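The block underneath contains the structure these notes are about, expressed in structure tokens.
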Amino acid sequence: MSYPPTTGRAAPPPAPAAPPRTAWREGLDRARAAATTEPGRLRVIGAVLAALVVAFGAVTAWQVSDRQTAADAVAERSQPLSADAAQIYRSLADADTTATRGFLAGGQEPAQVRKRYVQDIDTASKLLVSAAANTGGSASAREEIRKINQLLPVYTGLVDSARANNRQGLPLGGAYLRYANDTMRSRLLPAAGRLYQAETARLGDDYEDAEAWPWVAIGTGLVALGALGWAQRRHYQRTNRVLNHGMLAATAASTVVMLWLVVGHAVASTELGDSNDHGAKSLQVLNEARIDSLRARADENLTLVARGAVVVDEDGSNKGKDAYEVSYGSRMSALVGKSSGGRPAEGGLLDKARALADDDAGREPLEKAADRVKEWQVRHKAARTADDAGDYKTALTKVIGAKDSTGESFDAVDSKLAEALAHEQHEFQQAADDGRGAFTAMALGAGVLAVLGAAGALLGIGRRLSEYR
């Protein structure tokens with residue numbers, strides 16, 4: 001029996017078994033293999049086109065919804081809150097002015113003066129409650145509201161003490177009133193001013209959000225339209241057919257969305273910009289003008305209350321002068337600038353408001369207000385001349401008298417500024433409503449058209465695939 005010769009070397013080990021292929025890997029390989037054929041390529045192209053068109057519609061709906069929300073906030077929340085904050089400031093300033101007027105009237109305060117003071121305090125209190133409920137996440141606004149609510153009872157208590165002492169003919173009443181006025185000017189009004197600034201800043205942020213161009217949506221749309229154009233050109237080169245109805249419908253739907261987005265946003269941005277330039281900004285300037293006129297009137301009254309007891313003690317040209325008279329001059333300069341002939345000078349609040357007004361209905365009350373400011377300044381000068389000559393009774397009549405007094409001029413100025421405010425508020429609301437109206441149904445329309453466009457792209461590719469069956 002013979003045996004095969006041995007070489008002295010062991011047999012090589014068997015090759016290791018290949019690891020099992022996962023379902024995902026097999027699917028990927030099949031997809032890669034399918035993509036090398038024309039039907040496979042068409043399926044990939046159809047999926048990509050549908051995804052791009054849907055993405056365009058989704059991004060458009062998202063960005064338009066954000067801008068519509070911001071535009072709604074401008075018209076329904078931030079501007080009304082800014083207006084309420086300005087009204088809180090005006091009510092507090094008017095209450096202070098009215099309190100000094102009632103004090104000058106003597107022990108028997110006129111009923112209408114007392115009624116106006118109470119209404120001002122009630123208005124400020126109610127608006128503070130509303131502002132606290134609607135101010136949202138603004139910590140600074142909430143803090144200012146808290147300060148005003150804390151200080152308002154202190155102020156009204158001092159005014160009541162001044163009134164009680166004045167009825168008894170006690171000179172201590174004047175001290176109480178000056179202390180009340182100092183509380184108003186150094187603490188209450190600055191807090192109200194900061195509240196107004198916070199709400200106005202939020203209004204500016206909402207305007208910025210509403211007017212920002214939706215560049216992501218526009219960029220996505222350009223990519224989708226470019227891909228659709230490339231696919232149709234490829235279809236023409238391979239089949240010599242000019243039109244594919246499905247892809248043509250997808251292109252048309254995407255083009256409509258793009259045009260709607262660009263034109264609609266341009267219209268909205270223009271109208272919102274107009275509501276800001278000739279509405280919100282006008283309202284801000286008019287609010288400042290009305291507040292300065294109120295402060296000037298309070299200074300005028302307090303000049304007679306203090307009788308020179310409060311003077312400017314800082315270094316400068318006004319040192320030693322009556323502090324309230326100096327403040328009156330400063331407020332008038334802010335209102336009409338350093339004007340000559342009584343007309344508002346460039347840079348004064350009335351001049352700024354007139355420049356922002358875009359029609360005669362907005363400019364006319366400002367021109368009349370300027371005429372009454374001129375009259376006010378002339379009458380004020382006569383009152384100061386009488387007071388400086390020691391004729392307090394005549395000066396008092398020229399300031400708080402029923403006829404031909406500075407109080408009559410102030411009331412006329414305040415009335416015309418209120419008229420201008422009402423007009424600009426209407427202008428703002430109309431333009432803001434037009435602006436946000438341009439966004440109406442755009443998000444929904446973009447979504448619907450995107451779905452139709454994606455379906456059209458798939459149907460168009462499906463027609464080509466049917467040729468291979």
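Identifiers in this document derive from the order of the structure tokens: chains are assigned A, B, ..., residues are numbered from 1 separately in each chain, and ligands are numbered from 1 in order of occurrence.
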
So that each row is one residue of range 127-238 of chain A with an atom at most 9 Å from range 265-287 of chain A, can you give its shortest atom pair and the distance in Å to one decimal, using only C-alpha atoms, rows by chain and rising number, as a Markdown table?
| residue | atom | partner | partner_atom | distance |
| --- | --- | --- | --- | --- |
| A:Thr200 | CA | A:Gln284 | CA | 8.5 |
| A:Leu203 | CA | A:Ala280 | CA | 8.9 |
| A:Gly204 | CA | A:Asn276 | CA | 8.9 |
| A:Tyr207 | CA | A:Leu272 | CA | 7.5 |
| A:Ala210 | CA | A:Ser269 | CA | 7.5 |
| A:Glu211 | CA | A:Ser269 | CA | 5.1 |
| A:Ala212 | CA | A:Ser269 | CA | 8.1 |
| A:Trp213 | CA | A:His265 | CA | 7.4 |
| A:Pro214 | CA | A:His265 | CA | 8.4 |

Closest-contact table, range 186-297 of chain A side, partner range 98-106 of chain A, 12 Å, counting only C-alpha atoms, as CSV:
residue,atom,partner,partner_atom,distance
A:Leu294,CA,A:Thr98,CA,9.6
A:Arg295,CA,A:Thr98,CA,10.9
A:Arg297,CA,A:Thr98,CA,9.2

Proximity of range 67-135 of chain A to range 189-195 of chain A: per-residue shortest pair, 12 Å limit, only C-alpha atoms, as a tab-separated table:
residue	atom	partner	partner_atom	distance
A:Leu81	CA	A:Leu195	CA	9.8
A:Ser82	CA	A:Leu195	CA	8.5
A:Ala83	CA	A:Leu195	CA	10.9
A:Asp84	CA	A:Leu195	CA	9.9
A:Ala85	CA	A:Leu195	CA	6.3
A:Ala86	CA	A:Gly193	CA	7.9
A:Gln87	CA	A:Ala192	CA	9.5
A:Ile88	CA	A:Ala192	CA	6.9
A:Tyr89	CA	A:Ala192	CA	5.4
A:Arg90	CA	A:Leu189	CA	9.2
A:Ser91	CA	A:Leu189	CA	10.1
A:Leu92	CA	A:Leu189	CA	7.2
A:Ala93	CA	A:Leu189	CA	7.3
A:Asp94	CA	A:Leu189	CA	11.0
A:Ala95	CA	A:Leu189	CA	11.3
A:Asp96	CA	A:Leu189	CA	10.2
A:Ala124	CA	A:Ala192	CA	10.1
A:Leu127	CA	A:Ala192	CA	11.5
A:Leu128	CA	A:Ala192	CA	9.9
A:Ala131	CA	A:Leu195	CA	9.6
A:Ala132	CA	A:Leu195	CA	10.9
A:Thr135	CA	A:Leu195	CA	10.0

Prev. selection, N, CA, C and O atoms, output as a CSV table (one decimal), in the first residue's frame:
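Output contents, as saved in result-v8.csv:
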chain,number,residue,atom,x,y,z
A,81,LEU,N,-49.3,99.4,22.8
A,81,LEU,CA,-48.7,99.5,24.1
A,81,LEU,C,-47.8,100.7,24.2
A,81,LEU,O,-47.7,101.4,25.2
A,82,SER,N,-47.1,101.1,23.0
A,82,SER,CA,-46.3,102.3,23.0
A,82,SER,C,-47.2,103.5,23.2
A,82,SER,O,-46.9,104.5,24.0
A,83,ALA,N,-48.4,103.5,22.6
A,83,ALA,CA,-49.3,104.6,22.7
A,83,ALA,C,-49.9,104.7,24.1
A,83,ALA,O,-50.0,105.8,24.7
A,84,ASP,N,-50.1,103.5,24.7
A,84,ASP,CA,-50.6,103.5,26.1
A,84,ASP,C,-49.5,104.1,27.1
A,84,ASP,O,-49.8,104.8,28.0
A,85,ALA,N,-48.2,103.7,26.8
A,85,ALA,CA,-47.2,104.2,27.7
A,85,ALA,C,-47.0,105.7,27.5
A,85,ALA,O,-46.8,106.4,28.5
A,86,ALA,N,-47.2,106.2,26.3
A,86,ALA,CA,-47.2,107.7,26.1
A,86,ALA,C,-48.4,108.3,26.8
A,86,ALA,O,-48.2,109.4,27.4
A,87,GLN,N,-49.5,107.7,26.8
A,87,GLN,CA,-50.7,108.2,27.5
A,87,GLN,C,-50.5,108.2,29.0
A,87,GLN,O,-51.0,109.1,29.7
A,88,ILE,N,-49.8,107.2,29.5
A,88,ILE,CA,-49.5,107.2,31.0
A,88,ILE,C,-48.7,108.4,31.3
A,88,ILE,O,-48.9,109.1,32.3
A,89,TYR,N,-47.6,108.6,30.5
A,89,TYR,CA,-46.8,109.8,30.7
A,89,TYR,C,-47.6,111.1,30.7
A,89,TYR,O,-47.5,111.9,31.6
A,90,ARG,N,-48.4,111.2,29.6
A,90,ARG,CA,-49.2,112.4,29.5
A,90,ARG,C,-50.2,112.6,30.6
A,90,ARG,O,-50.4,113.7,31.2
A,91,SER,N,-50.8,111.5,31.1
A,91,SER,CA,-51.8,111.6,32.2
A,91,SER,C,-51.1,112.1,33.5
A,91,SER,O,-51.6,112.9,34.2
A,92,LEU,N,-49.9,111.5,33.7
A,92,LEU,CA,-49.2,111.9,34.9
A,92,LEU,C,-48.7,113.4,34.8
A,92,LEU,O,-48.9,114.1,35.8
A,93,ALA,N,-48.2,113.8,33.7
A,93,ALA,CA,-47.8,115.2,33.5
A,93,ALA,C,-49.0,116.1,33.6
A,93,ALA,O,-48.9,117.2,34.2
A,94,ASP,N,-50.1,115.7,33.0
A,94,ASP,CA,-51.3,116.6,33.1
A,94,ASP,C,-51.9,116.7,34.5
A,94,ASP,O,-52.3,117.7,34.9
A,95,ALA,N,-51.8,115.5,35.2
A,95,ALA,CA,-52.2,115.6,36.6
A,95,ALA,C,-51.4,116.5,37.4
A,95,ALA,O,-51.9,117.3,38.3
A,96,ASP,N,-50.1,116.6,37.2
A,96,ASP,CA,-49.2,117.5,37.9
A,96,ASP,C,-49.5,118.9,37.5
A,96,ASP,O,-49.6,119.8,38.4
A,124,ALA,N,-54.2,107.0,34.3
A,124,ALA,CA,-52.8,106.4,34.4
A,124,ALA,C,-52.9,105.0,35.1
A,124,ALA,O,-52.2,104.1,34.7
A,127,LEU,N,-54.4,102.3,32.8
A,127,LEU,CA,-53.4,102.0,31.7
A,127,LEU,C,-52.2,101.2,32.3
A,127,LEU,O,-51.7,100.3,31.6
A,128,LEU,N,-51.9,101.4,33.5
A,128,LEU,CA,-50.8,100.7,34.1
A,128,LEU,C,-51.2,99.2,34.3
A,128,LEU,O,-50.4,98.3,34.1
A,131,ALA,N,-51.1,97.7,30.9
A,131,ALA,CA,-49.7,97.5,30.4
A,131,ALA,C,-49.1,96.3,31.1
A,131,ALA,O,-48.3,95.5,30.5
A,132,ALA,N,-49.3,96.2,32.4
A,132,ALA,CA,-48.8,95.0,33.2
A,132,ALA,C,-49.3,93.7,32.7
A,132,ALA,O,-48.6,92.7,32.6
A,135,THR,N,-47.6,93.5,28.7
A,135,THR,CA,-46.2,93.8,28.4
A,135,THR,C,-45.3,92.6,28.1
A,135,THR,O,-44.2,92.7,27.6

For the contact check between range 243-326 of chain A and range 436-452 of chain A, emit one row per residue of range 243-326 of chain A within 6 Å, containing the shortest atom pair and the distance in Å rounded to one decimal, counting only C-alpha atoms, chain then rising number order, as CSV.
residue,atom,partner,partner_atom,distance
A:Ala253,CA,A:Leu449,CA,5.6
A:Val257,CA,A:Ala446,CA,5.6
A:Gly264,CA,A:Ala438,CA,5.5
A:Ala268,CA,A:Ala438,CA,5.3

Using all heavy atoms, can you export the residues from the last selection as a JSON list (two decimals), in the first residue's frame?
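Writing done, so here's again_32.json:
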[["chain", "number", "residue", "atom", "x", "y", "z"],
["A", 253, "ALA", "N", -46.08, 76.62, -10.95],
["A", 253, "ALA", "CA", -46.48, 76.76, -9.54],
["A", 253, "ALA", "C", -45.37, 77.41, -8.73],
["A", 253, "ALA", "O", -45.62, 78.32, -7.92],
["A", 253, "ALA", "CB", -46.83, 75.39, -8.96],
["A", 257, "VAL", "N", -45.36, 81.12, -6.76],
["A", 257, "VAL", "CA", -44.97, 81.30, -5.35],
["A", 257, "VAL", "C", -43.87, 82.34, -5.22],
["A", 257, "VAL", "O", -43.91, 83.21, -4.35],
["A", 257, "VAL", "CB", -44.53, 79.95, -4.75],
["A", 257, "VAL", "CG1", -43.99, 80.17, -3.32],
["A", 257, "VAL", "CG2", -45.68, 78.97, -4.70],
["A", 264, "GLY", "N", -45.50, 90.40, -2.93],
["A", 264, "GLY", "CA", -46.28, 90.57, -1.71],
["A", 264, "GLY", "C", -45.45, 91.16, -0.59],
["A", 264, "GLY", "O", -45.90, 92.06, 0.14],
["A", 268, "ALA", "N", -45.93, 94.73, 1.29],
["A", 268, "ALA", "CA", -46.05, 94.76, 2.75],
["A", 268, "ALA", "C", -44.97, 95.65, 3.37],
["A", 268, "ALA", "O", -45.25, 96.46, 4.26],
["A", 268, "ALA", "CB", -45.95, 93.35, 3.32]]

Q | Contact residues around Leu52 in chain A with only C-alpha atoms at 12 Å, ignoring same-chain residues under 2 positions, as a ChimeraX atom specification | A | /A:45-50,54-59,217,219-228,250-251,254,450-451,453-455,457-458
